[in-house]
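Just below is one structure, and these are the notes that go with it.
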Amino acid sequence: MTELQRIVDQLNRAYYREAWHGPTVTEVLDGVTPEQAAARPIGQAHSIWEIVLHMTAWKVAVQKRALGQIIDLSPTDDWPAVVETNKAAWLATLDSLKTAHEALMATAEGLTEQQLFAIPSGRKNDAYFQITGVLQHDAYHAGQIAVLKKLL
């Protein structure tokens, strides 16, 4: 198995199945209602919905960075606002997360080893650092979502 295949496997594990750390992103989001997603059980802490939008933003940013684009997220891009809190909007949010995840996986699968470890001009980190960072990001936020669900 190549390093790229290992990374894609780990992306799949963190998001879909058999994560070592605990519930995957899809497992922890399973059954969350729009009302639960929008709730703030811990004062000013982010809601599940905001966390999902944030996760999506970073998956999109890292996917574009892996393709060589210079992407920096503004504070509002990093933590997008929840605009509507109905069922259709929640399902669209979940679909956007899945689409961003699938695009990132497809991009990672298409990289060469050289692309994986090349540091783009004007940047500090290679695609390997960025993509494996998404794995850590997914695990971290899946844990937050699990705690928020328990509080609800």
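Ordering of the structure tokens sets the chain letters (A, B, ...); residue numbers start at 1 within each chain; ligands are numbered from 1 in the order shown.
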
For the interface of segment 5-83 of chain A with segment 108-112 of chain A (cut-off 9 Å, counting only C-alpha atoms), please tabulate each contacting residue of segment 5-83 of chain A alongside its nearest pair of atoms and their separation in Å to one decimal, rows sorted by chain and increasing number, as a tab-separated table.
```
residue	atom	partner	partner_atom	distance
A:Gln5	CA	A:Glu109	CA	7.1
A:Ile7	CA	A:Ala108	CA	7.8
A:Val8	CA	A:Glu109	CA	6.7
A:Gln63	CA	A:Ala108	CA	7.9
A:Ala66	CA	A:Ala108	CA	7.5
A:Leu67	CA	A:Leu111	CA	8.5
```

| message | Residues within 12 Å of Leu29 of chain A, please, as a PyMOL selection string. Count only C-alpha atoms; anything in the same chain fewer than 3 positions from it doesn't count. | response | chain A and resi 15-16+23-26+32-34+36-37+48-49+51-52+90-91+93-95+97-98+138+141-149

| A:Leu116, A:Leu11, A:Leu135, A:Ala19 ranked by distance to Arg65 of chain A, top pick (using only C-alpha atoms) |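 For Arg65 of chain A, the nearest of the given residues is A:Leu116.
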
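Taking atom CA of Asp72 of chain A as the reference point, atom CA of Ala100 of chain A is found at 16.6 Å.
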
| Residues flagged helix (DSSP H, G or I) by DSSP in chain A, as a ChimeraX atom specification | /A:3-15,25-29,34-38,48-66,75-78,87-110,113-117,127-151

| task | Would you mind listing what lies within 9 Å of Ile71 of chain A as an MDAnalysis selection string, with only C-alpha atoms counted and same-chain residues fewer than 6 positions away left out? | result | chainID A and resid 61:62 64:65

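Here atom CA of Arg123 of chain A and atom CA of Ile70 of chain A stand 8.5 Å from one another.
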
Show me, as a tab-separated table, the residues of segment 4-69 of chain A having an atom within 10 Å of segment 79-82 of chain A, each with the closest atom pair and its distance in Å, using only C-alpha atoms.
```
residue	atom	partner	partner_atom	distance
A:Ala38	CA	A:Val82	CA	8.1
A:His46	CA	A:Trp79	CA	9.2
A:Ser47	CA	A:Val82	CA	9.4
A:Trp49	CA	A:Val82	CA	7.1
A:Glu50	CA	A:Val82	CA	6.5
A:Ile51	CA	A:Trp79	CA	7.7
A:Val52	CA	A:Trp79	CA	9.4
A:Leu53	CA	A:Pro80	CA	6.1
A:His54	CA	A:Trp79	CA	5.0
A:Met55	CA	A:Trp79	CA	8.8
A:Thr56	CA	A:Pro80	CA	9.6
A:Ala57	CA	A:Trp79	CA	7.8
A:Trp58	CA	A:Trp79	CA	9.6
```

| query | Pick the closest to Phe117 of chain A from A:Leu104, A:Tyr140, A:Thr132, A:Pro41: which is it, counting only C-alpha atoms? | reply | A:Thr132

| Residue nearest Leu152 of chain A among A:Glu3, A:Asp126, A:Asp30, A:Glu35 (counting only C-alpha atoms) |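 Checking each candidate against Leu152 of chain A, we get A:Glu35 as the closest.
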
| query | Which residue gives the smallest distance to Glu102 of chain A among A:Ser74, A:Thr2, A:Gln115, A:Asn12, with only C-alpha atoms counted? | reply |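 Among the listed residues, A:Asn12 lies closest to Glu102 of chain A.
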